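Here's run26.pdb, which has PDB, C-alpha atoms:
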ATOM      1  CA  MET Y   1      21.704  -9.238 -14.278
ATOM      2  CA  PRO Y   2      22.407 -10.829 -10.867
ATOM      3  CA  GLU Y   3      25.575 -12.458 -12.204
ATOM      4  CA  THR Y   4      26.801  -9.140 -13.579
ATOM      5  CA  ALA Y   5      26.068  -7.389 -10.291
ATOM      6  CA  ARG Y   6      27.999 -10.079  -8.389
ATOM      7  CA  TRP Y   7      30.895  -9.718 -10.827
ATOM      8  CA  ILE Y   8      30.984  -5.932 -10.446
ATOM      9  CA  GLY Y   9      30.629  -6.249  -6.670
ATOM     10  CA  GLY Y  10      33.552  -8.667  -6.525
ATOM     11  CA  PHE Y  11      35.668  -6.300  -8.574
ATOM     12  CA  ILE Y  12      34.782  -3.285  -6.405
ATOM     13  CA  ARG Y  13      35.505  -5.299  -3.268
ATOM     14  CA  TRP Y  14      38.847  -6.393  -4.727
ATOM     15  CA  LEU Y  15      39.723  -2.733  -5.378
ATOM     16  CA  PHE Y  16      38.710  -1.743  -1.829
ATOM     17  CA  LYS Y  17      41.028  -4.433  -0.468
ATOM     18  CA  GLY Y  18      43.901  -2.862  -2.387
ATOM     19  CA  CYS Y  19      44.171  -5.700  -4.925
ATOM     20  CA  LYS Y  20      45.781  -7.893  -2.241
ATOM     21  CA  THR Y  21      43.452 -10.861  -2.692
ATOM     22  CA  SER Y  22      42.832 -12.937  -5.784
ATOM     23  CA  LEU Y  23      40.365 -11.302  -8.173
ATOM     24  CA  LYS Y  24      39.086 -14.760  -9.090
ATOM     25  CA  ASP Y  25      38.318 -15.566  -5.433
ATOM     26  CA  GLU Y  26      36.551 -12.234  -4.980
ATOM     27  CA  VAL Y  27      34.374 -12.605  -8.070
ATOM     28  CA  GLU Y  28      33.552 -16.284  -7.541
ATOM     29  CA  GLY Y  29      32.789 -15.795  -3.842
ATOM     30  CA  ASN Y  30      35.406 -18.219  -2.549
ATOM     31  CA  LEU Y  31      36.116 -16.144   0.557
ATOM     32  CA  GLU Y  32      34.310 -16.041   3.886
ATOM     33  CA  ALA Y  33      31.309 -13.747   4.243
ATOM     34  CA  THR Y  34      31.394 -11.051   6.913
ATOM     35  CA  TRP Y  35      28.027  -9.265   6.970
ATOM     36  CA  GLY Y  36      25.631 -10.548   4.312
ATOM     37  CA  GLY Y  37      25.225 -14.252   4.937
ATOM     38  CA  THR Y  38      27.095 -15.403   1.827
ATOM     39  CA  TYR Y  39      29.899 -13.834  -0.143
ATOM     40  CA  ASP Y  40      27.794 -13.873  -3.322
ATOM     41  CA  THR Y  41      25.039 -11.919  -1.564
ATOM     42  CA  GLU Y  42      27.549  -9.344  -0.358
ATOM     43  CA  ASN Y  43      29.016  -8.977  -3.861
ATOM     44  CA  TYR Y  44      25.518  -8.632  -5.303
ATOM     45  CA  ILE Y  45      24.609  -5.833  -2.876
ATOM     46  CA  ILE Y  46      27.906  -4.027  -3.482
ATOM     47  CA  GLY Y  47      27.424  -4.415  -7.263
ATOM     48  CA  ILE Y  48      23.905  -2.963  -7.194
ATOM     49  CA  ILE Y  49      24.914  -0.025  -4.992
ATOM     50  CA  SER Y  50      28.001   0.798  -7.056
ATOM     51  CA  THR Y  51      26.090   0.511 -10.340
ATOM     52  CA  VAL Y  52      23.394   2.886  -9.094
ATOM     53  CA  PHE Y  53      26.055   5.283  -7.813
ATOM     54  CA  PHE Y  54      28.026   5.320 -11.055
ATOM     55  CA  SER Y  55      24.971   5.491 -13.299
ATOM     56  CA  ARG Y  56      23.626   8.475 -11.376
ATOM     57  CA  ARG Y  57      26.928  10.243 -11.931
ATOM     58  CA  ASN Y  58      26.976   9.495 -15.670
ATOM     59  CA  ASN Y  59      30.289   7.733 -15.213
ATOM     60  CA  LEU Y  60      29.024   4.237 -15.888
ATOM     61  CA  VAL Y  61      30.717   4.105 -19.275
ATOM     62  CA  ILE Y  62      34.058   5.158 -17.781
ATOM     63  CA  PHE Y  63      33.640   2.644 -14.975
ATOM     64  CA  LEU Y  64      32.885  -0.218 -17.376
ATOM     65  CA  ILE Y  65      35.838   0.681 -19.621
ATOM     66  CA  CYS Y  66      38.175   0.687 -16.612
ATOM     67  CA  PHE Y  67      36.651  -2.579 -15.449
ATOM     68  CA  LEU Y  68      37.172  -4.281 -18.797
ATOM     69  CA  VAL Y  69      40.714  -2.947 -19.212
ATOM     70  CA  THR Y  70      41.804  -4.418 -15.872
ATOM     71  CA  LEU Y  71      40.691  -7.938 -16.851
TER      72      LEU Y  71
END

How does this structure look as structure tokens?
Amino acid sequence: MPETARWIGGFIRWLFKGCKTSLKDEVEGNLEATWGGTYDTENYIIGIISTVFFSRRNNLVIFLICFLVTL
């Protein structure tokens, strides 16, 4: 579960940055952390928050399909 949350968080962060960085760097945490200590921790927090948000809106299936299509 933590790895999946980090992966989703990296993807969401990559989308927020306008797809200007490398998706691989975002997901693997190769960039410098800004607010959470480490990049992996930041991705994990973003992944948990976005998963809760999308699951509460019953759009989790749509989100996961879009996520898998973009890979």

Exactly which residues make up the result of the PyMOL selection byres ((chain Y and resi 10) around 8) on this file, given as an MDAnalysis selection string? chainID Y and resid 6:9 11:14 23 26:29 43 46:47

Please enclose the listed atoms of stretch 22-41 of chain Y in an axis-aligned box, pad each side by 5 Å, and write out the centre and the three edge lengths in Å, rounded to one decimal, as lines of an AutoDock Vina configuration file.
center_x = 33.9
center_y = -13.7
center_z = -1.1
size_x = 27.8
size_y = 19.0
size_z = 26.1

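When all atoms listed in the file are used to compute distances to Y:Thr4, the closest of the residues Y:Ser22, Y:Gly37, Y:Phe16, Y:Ile48 turns out to be Y:Ile48.
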
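Take atom CA of Y:Gly18 and atom CA of Y:Leu31: the distance between them is 15.7 Å.
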
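One finds atom CA of Y:Ala5 at 7.9 Å from atom CA of Y:Thr51.
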